[in-house]
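For reference, work-v5.txt (compact mmCIF, C-alpha atoms and all ligand atoms):
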```txt
# COMPACT_ATOMS: atom_id res chain seq x y z
CA MET A 228 0.00 0.00 0.00
CA GLN A 229 2.89 2.41 0.57
CA VAL A 230 4.49 2.73 -2.83
CA ASN A 231 7.34 5.20 -3.21
CA ILE A 232 6.96 7.50 -6.17
CA GLN A 233 8.75 10.54 -7.55
CA HIS A 234 6.68 13.53 -6.43
CA SER A 235 6.73 17.01 -7.96
CA TRP A 236 6.71 18.27 -4.35
CA GLU A 237 9.45 17.84 -1.77
CA LEU A 238 8.49 19.04 1.70
CA HIS A 239 11.36 17.82 3.84
CA CYS A 240 15.01 18.20 2.86
CA HIS A 241 18.29 19.67 4.06
CA SER A 242 21.09 21.73 2.53
CA GLU A 243 24.50 22.76 3.80
CA PHE A 244 22.68 25.41 5.84
CA SER A 245 22.18 22.59 8.35
CA ASP A 246 23.40 18.98 8.11
CA GLY A 247 22.74 18.44 4.41
CA ALA A 248 25.63 17.82 2.01
CA LEU A 249 24.57 20.01 -0.92
CA ALA A 250 25.01 23.70 -1.55
CA LEU A 251 21.79 25.49 -2.49
CA SER A 252 22.47 25.63 -6.21
CA GLU A 253 23.35 21.91 -6.24
CA LEU A 254 20.15 21.07 -4.39
CA PHE A 255 18.02 23.21 -6.74
CA HIS A 256 19.69 21.66 -9.76
CA LEU A 257 18.96 18.18 -8.42
CA ALA A 258 15.34 19.19 -7.79
CA VAL A 259 14.81 20.38 -11.35
CA GLN A 260 16.58 17.32 -12.74
CA SER A 261 14.39 15.02 -10.62
CA GLY A 262 11.11 16.64 -11.64
CA VAL A 263 10.57 18.42 -8.31
CA THR A 264 8.91 21.73 -9.09
CA SER A 265 7.94 22.77 -5.53
CA LEU A 266 10.45 22.55 -2.72
CA ALA A 267 10.26 23.42 0.96
CA LEU A 268 13.79 23.74 2.32
CA THR A 269 13.58 22.45 5.89
CA ASP A 270 17.02 22.97 7.35
CA HIS A 271 17.29 22.37 11.09
CA ASP A 272 16.32 25.42 13.13
CA ASN A 273 16.87 28.03 10.42
CA ALA A 274 15.70 29.40 7.08
CA GLU A 275 18.99 31.11 6.17
CA GLY A 276 19.11 29.07 2.99
CA TYR A 277 15.80 30.47 1.76
CA ARG A 278 16.86 34.06 2.47
CA HIS A 279 20.25 33.46 0.89
CA ALA A 280 18.66 31.94 -2.25
CA VAL A 281 16.26 34.87 -2.65
CA ALA A 282 18.90 37.53 -1.99
CA ASN A 283 21.33 35.95 -4.44
CA LYS A 284 18.73 35.03 -7.06
CA LEU A 285 19.67 31.34 -6.94
CA ILE A 286 16.17 29.92 -7.50
CA PRO A 287 15.69 28.46 -11.00
CA GLU A 288 12.64 29.53 -13.05
CA ALA A 289 11.30 25.99 -12.94
CA LEU A 290 11.25 25.80 -9.14
CA ASN A 291 8.88 27.18 -6.52
CA LEU A 292 10.86 27.50 -3.32
CA TYR A 293 8.89 27.74 -0.07
CA PRO A 294 10.27 29.18 3.16
CA ALA A 295 10.43 26.47 5.81
CA ALA A 296 12.50 24.98 8.65
CA GLU A 297 12.60 21.91 10.91
CA LEU A 298 12.57 23.02 14.53
CA SER A 299 14.04 20.96 17.38
CA SER A 300 11.92 20.65 20.51
CA VAL A 301 11.30 18.44 23.53
CA TRP A 302 8.14 16.75 24.65
CA ASN A 303 8.03 14.33 27.57
CA GLY A 304 11.83 14.21 27.64
CA ARG A 305 11.99 13.22 23.97
CA ASN A 306 13.54 15.08 21.09
CA ILE A 307 10.65 15.92 18.71
CA HIS A 308 11.06 17.70 15.37
CA VAL A 309 8.44 20.09 14.02
CA VAL A 310 8.50 21.14 10.38
CA GLY A 311 7.30 24.69 9.78
CA LEU A 312 6.05 25.50 6.27
CA GLY A 313 5.37 28.88 4.72
CA MET A 314 6.55 31.17 7.53
CA ALA A 315 7.35 34.84 7.00
CA VAL A 316 11.05 34.16 7.45
CA GLU A 317 12.07 37.78 7.03
CA SER A 318 9.86 38.92 9.93
CA GLN A 319 11.47 40.13 13.14
CA HIS A 320 9.63 37.50 15.14
CA TRP A 321 11.08 34.69 13.05
CA LEU A 322 14.58 36.18 13.01
CA ASP A 323 14.41 36.26 16.83
CA VAL A 324 13.36 32.61 16.87
CA GLU A 325 16.36 31.70 14.73
CA ALA A 326 18.70 33.76 16.92
CA SER A 327 17.50 31.91 19.99
CA TYR A 328 18.11 28.54 18.30
CA ARG A 329 21.58 29.64 17.26
CA GLU A 330 22.34 30.48 20.88
CA ARG A 331 20.85 27.19 22.08
CA ARG A 332 22.97 25.22 19.59
CA ARG A 333 26.12 27.07 20.68
CA GLU A 334 25.38 26.33 24.32
CA ARG A 335 24.51 22.73 23.51
CA LEU A 336 27.75 22.18 21.62
CA GLU A 337 29.71 23.33 24.69
CA ARG A 338 27.89 20.81 26.84
CA GLN A 339 28.25 18.04 24.25
CA VAL A 340 31.98 18.73 24.01
CA ALA A 341 32.38 18.69 27.81
CA ARG A 342 30.54 15.39 28.04
CA LEU A 343 32.51 13.78 25.20
CA LYS A 344 35.80 14.98 26.70
CA ARG A 345 34.80 13.20 29.89
CA GLU A 346 34.59 10.07 27.75
CA ARG A 347 38.22 10.75 26.82
CA PHE A 348 37.59 12.00 23.29
CA GLN A 349 39.81 14.66 21.86
CA ILE A 350 37.59 17.42 20.49
CA GLU A 351 38.45 20.44 18.38
CA VAL A 352 35.43 22.73 18.47
CA GLU A 353 36.64 24.85 15.53
CA GLN A 354 36.83 21.73 13.37
CA ILE A 355 33.22 20.87 14.20
CA GLU A 356 32.09 24.42 13.52
CA ALA A 357 33.98 24.47 10.23
CA ARG A 358 32.21 21.27 9.17
CA ALA A 359 28.84 22.82 10.02
CA SER A 360 29.51 26.11 8.24
CA PRO A 361 27.54 27.92 6.85
CA GLY A 362 24.99 26.10 9.01
CA LEU A 363 24.74 25.48 12.72
CA PRO A 364 26.62 22.63 14.42
CA GLY A 365 24.71 19.45 15.20
CA ARG A 366 25.35 15.83 16.05
CA PRO A 367 26.14 14.82 12.44
CA HIS A 368 29.05 17.30 12.43
CA ILE A 369 30.37 15.88 15.72
CA ALA A 370 30.06 12.39 14.20
CA GLU A 371 32.06 13.53 11.16
CA TRP A 372 34.80 14.90 13.40
CA LEU A 373 34.99 11.72 15.49
CA VAL A 374 35.26 9.59 12.35
CA SER A 375 37.68 11.77 10.40
CA SER A 376 40.01 12.12 13.40
CA GLY A 377 40.11 8.34 13.66
CA GLN A 378 38.48 8.15 17.09
CA VAL A 379 35.35 6.27 15.97
CA LYS A 380 35.19 3.85 13.05
CA ASP A 381 32.10 5.15 11.24
CA ARG A 382 29.03 7.37 11.49
CA PRO A 383 26.54 4.65 12.52
CA THR A 384 28.86 3.66 15.38
CA ALA A 385 29.26 7.31 16.41
CA PHE A 386 25.46 7.61 16.76
CA LYS A 387 24.96 4.18 18.26
CA ARG A 388 27.53 4.58 21.01
CA TRP A 389 28.02 8.29 21.60
CA LEU A 390 25.44 10.57 19.99
CA GLY A 391 22.17 8.65 19.73
CA ARG A 392 19.25 8.81 22.14
CA GLY A 393 20.42 8.77 25.77
CA LYS A 394 24.15 8.75 24.92
CA ALA A 395 26.82 11.20 26.11
CA GLY A 396 26.48 13.57 23.13
CA ASP A 397 22.68 13.64 23.17
CA VAL A 398 21.90 16.88 24.99
CA LYS A 399 18.17 17.62 24.64
CA SER A 400 17.48 19.92 27.51
CA THR A 401 18.51 23.00 25.56
CA TRP A 402 15.53 22.72 23.21
CA PRO A 403 12.25 24.56 23.79
CA GLU A 404 9.08 22.64 24.56
CA LEU A 405 7.05 21.30 21.62
CA GLN A 406 4.32 23.86 22.37
CA GLU A 407 6.77 26.74 21.97
CA ALA A 408 8.14 25.47 18.65
CA VAL A 409 4.60 25.09 17.27
CA ALA A 410 3.63 28.56 18.54
CA ASP A 411 6.71 30.16 16.96
CA ILE A 412 5.88 28.67 13.56
CA THR A 413 2.22 29.65 13.82
CA ALA A 414 3.03 33.20 14.94
CA ALA A 415 5.20 33.60 11.84
CA GLY A 416 2.21 32.67 9.66
CA GLY A 417 3.39 29.11 9.00
CA MET A 418 1.86 25.68 9.34
CA ALA A 419 3.35 23.38 11.98
CA VAL A 420 3.73 19.76 10.82
CA LEU A 421 4.81 16.96 13.15
CA ALA A 422 7.97 15.51 11.59
CA HIS A 423 8.53 11.75 11.05
CA PRO A 424 6.43 10.45 14.01
CA HIS A 425 7.60 6.85 13.45
CA ARG A 426 11.16 7.80 14.35
CA TYR A 427 10.24 8.48 17.99
CA LYS A 428 9.39 4.82 18.58
CA LEU A 429 6.25 5.64 20.55
CA THR A 430 3.53 3.21 21.57
CA ARG A 431 0.03 3.73 20.23
CA ALA A 432 -1.04 5.39 23.50
CA LYS A 433 1.97 7.73 23.57
CA THR A 434 1.39 8.59 19.92
CA MET A 435 -2.16 9.67 20.83
CA GLU A 436 -0.79 11.79 23.68
CA LEU A 437 1.74 13.42 21.37
CA LEU A 438 -0.93 14.15 18.75
CA ASP A 439 -3.20 15.60 21.46
CA ALA A 440 -0.42 17.89 22.71
CA PHE A 441 0.61 18.86 19.19
CA GLN A 442 -2.92 19.71 18.13
CA ALA A 443 -3.68 21.58 21.35
CA ALA A 444 -0.59 23.71 20.69
CA GLY A 445 -1.92 24.63 17.23
CA GLY A 446 -0.19 22.01 15.10
CA LEU A 447 -2.04 21.47 11.81
CA GLY A 448 -0.25 18.70 9.94
CA VAL A 449 1.46 15.33 10.39
CA GLU A 450 4.09 13.70 8.20
CA VAL A 451 2.62 10.34 7.25
CA CYS A 452 4.20 9.67 3.85
CA CYS A 453 7.71 9.01 5.11
CA LEU A 454 10.35 6.45 4.21
CA GLY A 455 10.83 3.51 6.54
CA MET A 456 7.46 3.62 8.31
CA HIS A 457 5.89 0.32 9.35
CA PRO A 458 2.55 -0.26 7.51
CA ASN A 459 0.66 -0.62 10.81
CA TYR A 460 1.93 2.71 12.06
CA TYR A 461 1.10 4.30 8.69
CA ARG A 462 -2.49 3.05 8.99
CA LEU A 463 -2.75 4.36 12.54
CA LEU A 464 -1.48 7.82 11.57
CA LEU A 465 -3.66 8.01 8.46
CA GLN A 466 -6.73 7.22 10.51
CA GLU A 467 -5.78 9.82 13.15
CA VAL A 468 -5.13 12.50 10.55
CA ARG A 469 -8.59 11.88 9.10
CA THR A 470 -10.50 11.76 12.37
CA ARG A 471 -8.66 14.76 13.83
CA ASP A 472 -9.11 16.74 10.59
CA LEU A 473 -5.37 17.39 10.27
CA TYR A 474 -3.41 17.94 7.06
CA LEU A 475 -1.35 15.02 5.83
CA GLY A 476 2.26 15.63 4.87
CA GLY A 477 5.51 13.82 4.24
CA GLY A 478 8.78 13.98 2.39
CA SER A 479 12.06 12.22 1.85
CA ASP A 480 14.14 13.98 4.56
CA PHE A 481 16.88 14.12 1.94
CA HIS A 482 20.32 15.02 3.35
CA SER A 483 22.88 13.81 0.83
CA PRO A 484 23.21 11.92 -2.48
CA ALA A 485 25.62 9.64 -0.57
CA MET A 486 22.68 8.37 1.49
CA GLN A 487 21.37 6.20 -1.29
CA TRP A 488 18.18 5.22 0.47
CA THR A 489 16.82 8.77 0.04
CA ARG A 490 16.22 10.55 -3.22
CA LEU A 491 14.84 14.03 -3.55
CA GLY A 492 11.05 13.96 -3.92
CA VAL A 493 10.84 10.16 -3.59
CA PHE A 494 8.53 8.99 -0.80
CA PRO A 495 5.18 7.15 -0.48
CA ALA A 496 2.34 8.30 -2.74
CA TRP A 497 -0.33 10.50 -1.15
CA PRO A 498 -3.40 8.57 -0.02
CA GLN A 499 -6.90 9.54 -1.22
CA ASN A 500 -9.62 11.35 0.70
CA VAL A 501 -7.50 13.43 3.02
CA LYS A 502 -6.46 17.08 3.21
CA LEU A 503 -2.87 17.49 2.05
CA VAL A 504 -0.25 19.87 3.38
CA THR A 505 0.47 20.76 -0.26
CA ASP A 506 -3.10 22.12 -0.64
CA TRP A 507 -2.47 24.49 2.25
CA LEU A 508 0.94 25.51 0.99
CA ALA A 509 -0.13 26.05 -2.61
CA GLY A 510 -2.71 28.53 -1.36
CA CYS A 511 -0.28 30.53 0.78
P1 LIG A 601 20.82 17.41 16.01
O1 LIG A 601 20.02 18.38 15.19
O2 LIG A 601 22.17 17.93 16.40
O3 LIG A 601 20.04 16.85 17.17
O4 LIG A 601 21.14 16.18 15.03
C1 LIG A 601 20.05 15.45 14.52
C2 LIG A 601 20.36 14.93 13.13
O5 LIG A 601 21.28 13.86 13.25
C3 LIG A 601 19.15 14.35 12.44
O6 LIG A 601 18.44 15.33 11.75
C4 LIG A 601 19.77 13.35 11.51
O7 LIG A 601 20.21 13.99 10.34
C5 LIG A 601 20.99 12.87 12.28
N1 LIG A 601 20.75 11.62 13.04
C6 LIG A 601 19.98 11.47 14.13
N2 LIG A 601 20.02 10.20 14.59
C7 LIG A 601 20.85 9.53 13.76
C8 LIG A 601 21.33 8.18 13.71
N3 LIG A 601 20.95 7.28 14.60
N4 LIG A 601 22.19 7.86 12.71
C9 LIG A 601 22.58 8.78 11.81
N5 LIG A 601 22.16 10.07 11.81
C10 LIG A 601 21.31 10.44 12.77
MN MN A 602 19.39 16.10 9.91
MN MN A 603 14.18 15.35 11.84
MN MN A 604 14.96 16.42 8.59
```
Using structure tokens, write down the structure that the file contains.
Ligand code: AMP
Ligand code: MN
Ligand code: MN
Ligand code: MN
Amino acid sequence: MQVNIQHSWELHCHSEFSDGALALSELFHLAVQSGVTSLALTDHDNAEGYRHAVANKLIPEALNLYPAAELSSVWNGRNIHVVGLGMAVESQHWLDVEASYRERRRERLERQVARLKRERFQIEVEQIEARASPGLPGRPHIAEWLVSSGQVKDRPTAFKRWLGRGKAGDVKSTWPELQEAVADITAAGGMAVLAHPHRYKLTRAKTMELLDAFQAAGGLGVEVCCLGMHPNYYRLLLQEVRTRDLYLGGGSDFHSPAMQWTRLGVFPAWPQNVKLVTDWLAGC
């Protein structure tokens, strides 16, 4: 029932303005080549890429680029991502939101470094920041440093042992609550979409609680058409989106051509008889 197809929309992807591998022009070129004509650039915690593309006239004729971002947050002690689509990313409110995330990431990196040093790793902060540039530092950049300096054998091991959920480099407490992330997106005129719910490994009951909290905060959409979702969980989410009258979204969460299991705009086909996030976005 979940068949991956090439969509003309991509609503979840990353560039070098966060932990993606591609520069903006490379990403846009790939989009056009792949038949993606509408793209929401959802870098972690910032929309610098969108502003940069507009200011430098990088957007090809054949591409509609939408302002967007994927915000980090916590709910019930878990790291939850919220995709914001269609915000006014030049507004003072939104620029303040980004500044606060930048500060949180800086503070978080300090704590991550301190914790990893306690595990006897040798860390060069400038090297991590250089890897993240022009974006903000995150766990993938720490993983790259650990691997390239020969301290950990590969990226999966870096996440499994040191950076993944509950490990030394997983500092969550710096993130705002889910409610605040949703409110910031909404206040900037955007639509808040719960990112990749299957990745949080929640039970059915906890999923209901998360959806309740998300909706109560003003969240309007849920990513359902994602790669790697179990069919039972897909059915559960689809049913919830319908009964709760939410918008259904999704995307590939593309980061890099080197990650061969993701391709830009390739993710499960939209189901019938449901409101789509793309309907909302096309009208904005
Ligand atoms: P951060 O924003 O610093 O919390 O880093 C989160 C990012 O790390 C995610 O968006 C993914 O790109 C990547 N990531 C998270 N968990 C894993 C994992 N287990 N293996 C590889 N990459 C991961
Ligand atoms: Mn990422
Ligand atoms: Mn995410
Ligand atoms: Mn993502």
Residues at most 12 Å from Val340 (chain A), counting all atoms listed in the file, excluding those fewer than 3 positions away in the same chain, as a PDB file with C-alpha atoms, keeping the file's coordinate frame?
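Okay, out20.pdb is ready:
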```
ATOM      1  CA  ARG A 332      22.970  25.220  19.590  1.00  0.00           C
ATOM      2  CA  ARG A 333      26.120  27.070  20.680  1.00  0.00           C
ATOM      3  CA  GLU A 334      25.380  26.330  24.320  1.00  0.00           C
ATOM      4  CA  ARG A 335      24.510  22.730  23.510  1.00  0.00           C
ATOM      5  CA  LEU A 336      27.750  22.180  21.620  1.00  0.00           C
ATOM      6  CA  GLU A 337      29.710  23.330  24.690  1.00  0.00           C
ATOM      7  CA  LEU A 343      32.510  13.780  25.200  1.00  0.00           C
ATOM      8  CA  LYS A 344      35.800  14.980  26.700  1.00  0.00           C
ATOM      9  CA  ARG A 345      34.800  13.200  29.890  1.00  0.00           C
ATOM     10  CA  GLU A 346      34.590  10.070  27.750  1.00  0.00           C
ATOM     11  CA  ARG A 347      38.220  10.750  26.820  1.00  0.00           C
ATOM     12  CA  PHE A 348      37.590  12.000  23.290  1.00  0.00           C
ATOM     13  CA  GLN A 349      39.810  14.660  21.860  1.00  0.00           C
ATOM     14  CA  ILE A 350      37.590  17.420  20.490  1.00  0.00           C
ATOM     15  CA  GLU A 351      38.450  20.440  18.380  1.00  0.00           C
ATOM     16  CA  VAL A 352      35.430  22.730  18.470  1.00  0.00           C
ATOM     17  CA  GLU A 353      36.640  24.850  15.530  1.00  0.00           C
ATOM     18  CA  ILE A 355      33.220  20.870  14.200  1.00  0.00           C
ATOM     19  CA  GLU A 356      32.090  24.420  13.520  1.00  0.00           C
ATOM     20  CA  PRO A 364      26.620  22.630  14.420  1.00  0.00           C
ATOM     21  CA  GLY A 365      24.710  19.450  15.200  1.00  0.00           C
ATOM     22  CA  ARG A 366      25.350  15.830  16.050  1.00  0.00           C
ATOM     23  CA  ILE A 369      30.370  15.880  15.720  1.00  0.00           C
ATOM     24  CA  ALA A 370      30.060  12.390  14.200  1.00  0.00           C
ATOM     25  CA  TRP A 372      34.800  14.900  13.400  1.00  0.00           C
ATOM     26  CA  LEU A 373      34.990  11.720  15.490  1.00  0.00           C
ATOM     27  CA  TRP A 389      28.020   8.290  21.600  1.00  0.00           C
ATOM     28  CA  LEU A 390      25.440  10.570  19.990  1.00  0.00           C
ATOM     29  CA  ALA A 395      26.820  11.200  26.110  1.00  0.00           C
ATOM     30  CA  GLY A 396      26.480  13.570  23.130  1.00  0.00           C
ATOM     31  CA  ASP A 397      22.680  13.640  23.170  1.00  0.00           C
ATOM     32  CA  VAL A 398      21.900  16.880  24.990  1.00  0.00           C
TER      33      VAL A 398
END
```
Write out as a list of chain:residue names each polymer residue whose atoms come within 8 Å of Glu450 (chain A), counting all atoms listed in the file; drop sequence neighbours fewer than 5 positions from it.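 So, after excluding close chain neighbours, the residues are A:Val420, A:Leu421, A:Ala422, A:His423, A:Pro424, A:Leu475, A:Gly476, A:Gly477, A:Gly478.
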From the set A:Ser360, A:Gln229, A:Asn306, A:Asn500, which residue has the shortest atom-to-atom contact distance to ligand LIG 601 (chain A), counting all atoms listed in the file? A:Asn306
Rounded to one decimal place, report the atom C5 of ligand LIG 601 (chain A)-CA of His308 (chain A) distance in Å.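 Interatomic distance here is 11.5 Å.
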What does the distance between CA of Thr430 (chain A) and CA of Tyr328 (chain A) come to in Å, to one decimal place?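 Between CA of Thr430 (chain A) and CA of Tyr328 (chain A) the gap works out to 29.4 Å.
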Ligand LIG 601 (chain A): which residues are within 7 Å, counting all atoms listed in the file, as a PDB file with C-alpha atoms, in the frame of the given file?
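The resulting out-v5.pdb:
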```
ATOM      1  CA  ASP A 246      23.400  18.980   8.110  1.00  0.00           C
ATOM      2  CA  HIS A 271      17.290  22.370  11.090  1.00  0.00           C
ATOM      3  CA  SER A 299      14.040  20.960  17.380  1.00  0.00           C
ATOM      4  CA  PRO A 364      26.620  22.630  14.420  1.00  0.00           C
ATOM      5  CA  GLY A 365      24.710  19.450  15.200  1.00  0.00           C
ATOM      6  CA  ARG A 366      25.350  15.830  16.050  1.00  0.00           C
ATOM      7  CA  PRO A 367      26.140  14.820  12.440  1.00  0.00           C
ATOM      8  CA  ARG A 382      29.030   7.370  11.490  1.00  0.00           C
ATOM      9  CA  PRO A 383      26.540   4.650  12.520  1.00  0.00           C
ATOM     10  CA  PHE A 386      25.460   7.610  16.760  1.00  0.00           C
ATOM     11  CA  LYS A 387      24.960   4.180  18.260  1.00  0.00           C
ATOM     12  CA  GLY A 391      22.170   8.650  19.730  1.00  0.00           C
TER      13      GLY A 391
END
```
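Nearest to ligand MN 602 (chain A) of all the residues A:Ala410, A:Ala359, A:Ala289, A:Val468 is A:Ala359, based on only C-alpha atoms and all ligand atoms.
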Report as CSV the residues of chain A within 10 Å of ligand MN 604 (chain A), each with its shortest atom pair and distance in Å (one decimal), using all atoms listed in the file, ordered by chain and increasing residue number.
```
residue,atom,partner,partner_atom,distance
A:Leu238,CA,A:MN604,MN,9.8
A:His239,CA,A:MN604,MN,6.1
A:Cys240,CA,A:MN604,MN,6.0
A:His241,CA,A:MN604,MN,6.5
A:Ser245,CA,A:MN604,MN,9.5
A:Asp246,CA,A:MN604,MN,8.8
A:Gly247,CA,A:MN604,MN,9.1
A:Leu268,CA,A:MN604,MN,9.7
A:Thr269,CA,A:MN604,MN,6.7
A:Asp270,CA,A:MN604,MN,7.0
A:His271,CA,A:MN604,MN,6.9
A:Ala296,CA,A:MN604,MN,8.9
A:Glu297,CA,A:MN604,MN,6.4
A:Leu298,CA,A:MN604,MN,9.2
A:Ser299,CA,A:MN604,MN,9.9
A:His308,CA,A:MN604,MN,7.9
A:Val309,CA,A:MN604,MN,9.2
A:Val310,CA,A:MN604,MN,8.2
A:Ala422,CA,A:MN604,MN,7.7
A:His423,CA,A:MN604,MN,8.3
A:Gly478,CA,A:MN604,MN,9.1
A:Ser479,CA,A:MN604,MN,8.5
A:Asp480,CA,A:MN604,MN,4.8
A:Phe481,CA,A:MN604,MN,7.3
A:His482,CA,A:MN604,MN,7.6
```
Please determine, counting only C-alpha atoms and all ligand atoms, which residue among A:Ala248, A:Val281, A:Ala408, A:Met435 has the shortest atom-to-atom distance to ligand MN 602 (chain A). A:Ala248
May I ask for the distance between CA of Lys502 (chain A) and CA of Val409 (chain A), given in Å to one decimal place?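 CA of Lys502 (chain A) sits 19.6 Å away from CA of Val409 (chain A).
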Proximity to Leu437 (chain A) - best of A:Arg331, A:His279, A:Arg338, A:Arg305, all atoms listed in the file: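 Counting all atoms listed in the file, the residue closest to Leu437 (chain A) is A:Arg305.
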Of the candidates A:Glu317, A:Val501, A:Asn231, A:Arg471, which one gets nearest to Ala282 (chain A) if we count all atoms listed in the file?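 Distance minimum relative to Ala282 (chain A) lands on A:Glu317.
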For region 319-322 of chain A: contacts at 12 Å, only C-alpha atoms, fewer than 4 positions along chain excluded, given as a ChimeraX atom specification: /A:272-275,278,294-296,298,311,313-315,326-329,408,410-417
Given only C-alpha atoms and all ligand atoms as the counted atoms, nearest of A:Leu503, A:Ala357, A:Leu292, A:Cys453 to ligand MN 603 (chain A): A:Cys453
Could you give me region 334-341 of chain A completed to all heavy atoms, formatted as a compact mmCIF listing (two decimals), in the frame of the given file?
```txt
# COMPACT_ATOMS: atom_id res chain seq x y z
N GLU A 334 25.34 26.80 22.94
CA GLU A 334 25.38 26.33 24.32
C GLU A 334 25.41 24.79 24.39
O GLU A 334 26.13 24.19 25.16
CB GLU A 334 24.09 26.81 24.98
CG GLU A 334 24.12 27.14 26.43
CD GLU A 334 22.74 27.68 26.78
OE1 GLU A 334 22.49 28.88 26.52
OE2 GLU A 334 21.91 26.89 27.25
N ARG A 335 24.60 24.19 23.54
CA ARG A 335 24.51 22.73 23.51
C ARG A 335 25.83 22.11 23.09
O ARG A 335 26.28 21.12 23.67
CB ARG A 335 23.40 22.34 22.52
CG ARG A 335 23.21 20.85 22.26
CD ARG A 335 22.03 20.73 21.33
NE ARG A 335 21.64 19.38 21.01
CZ ARG A 335 21.77 18.83 19.80
NH1 ARG A 335 22.32 19.53 18.82
NH2 ARG A 335 21.34 17.61 19.58
N LEU A 336 26.47 22.73 22.08
CA LEU A 336 27.75 22.18 21.62
C LEU A 336 28.76 22.19 22.76
O LEU A 336 29.50 21.22 22.94
CB LEU A 336 28.26 22.99 20.42
CG LEU A 336 29.59 22.51 19.81
CD1 LEU A 336 29.47 21.07 19.30
CD2 LEU A 336 30.03 23.42 18.67
N GLU A 337 28.79 23.27 23.54
CA GLU A 337 29.71 23.33 24.69
C GLU A 337 29.47 22.17 25.63
O GLU A 337 30.41 21.54 26.11
CB GLU A 337 29.48 24.62 25.49
CG GLU A 337 30.30 25.79 25.01
CD GLU A 337 29.93 27.08 25.73
OE1 GLU A 337 29.45 27.02 26.89
OE2 GLU A 337 30.11 28.14 25.11
N ARG A 338 28.20 21.90 25.91
CA ARG A 338 27.89 20.81 26.84
C ARG A 338 28.19 19.44 26.23
O ARG A 338 28.68 18.54 26.90
CB ARG A 338 26.42 20.91 27.28
CG ARG A 338 26.23 22.18 28.12
CD ARG A 338 24.81 22.44 28.46
NE ARG A 338 24.17 21.29 29.09
CZ ARG A 338 22.87 21.18 29.27
NH1 ARG A 338 22.06 22.14 28.85
NH2 ARG A 338 22.35 20.13 29.84
N GLN A 339 27.93 19.31 24.93
CA GLN A 339 28.25 18.04 24.25
C GLN A 339 29.76 17.79 24.30
O GLN A 339 30.21 16.68 24.59
CB GLN A 339 27.78 18.09 22.80
CG GLN A 339 26.27 18.00 22.66
CD GLN A 339 25.80 18.33 21.26
OE1 GLN A 339 26.20 19.33 20.67
NE2 GLN A 339 24.95 17.49 20.70
N VAL A 340 30.52 18.86 24.03
CA VAL A 340 31.98 18.73 24.01
C VAL A 340 32.48 18.34 25.39
O VAL A 340 33.30 17.42 25.54
CB VAL A 340 32.64 20.04 23.52
CG1 VAL A 340 34.13 20.06 23.80
CG2 VAL A 340 32.36 20.24 22.03
N ALA A 341 31.96 18.99 26.43
CA ALA A 341 32.38 18.69 27.81
C ALA A 341 32.09 17.22 28.13
O ALA A 341 32.93 16.52 28.70
CB ALA A 341 31.68 19.62 28.79
```
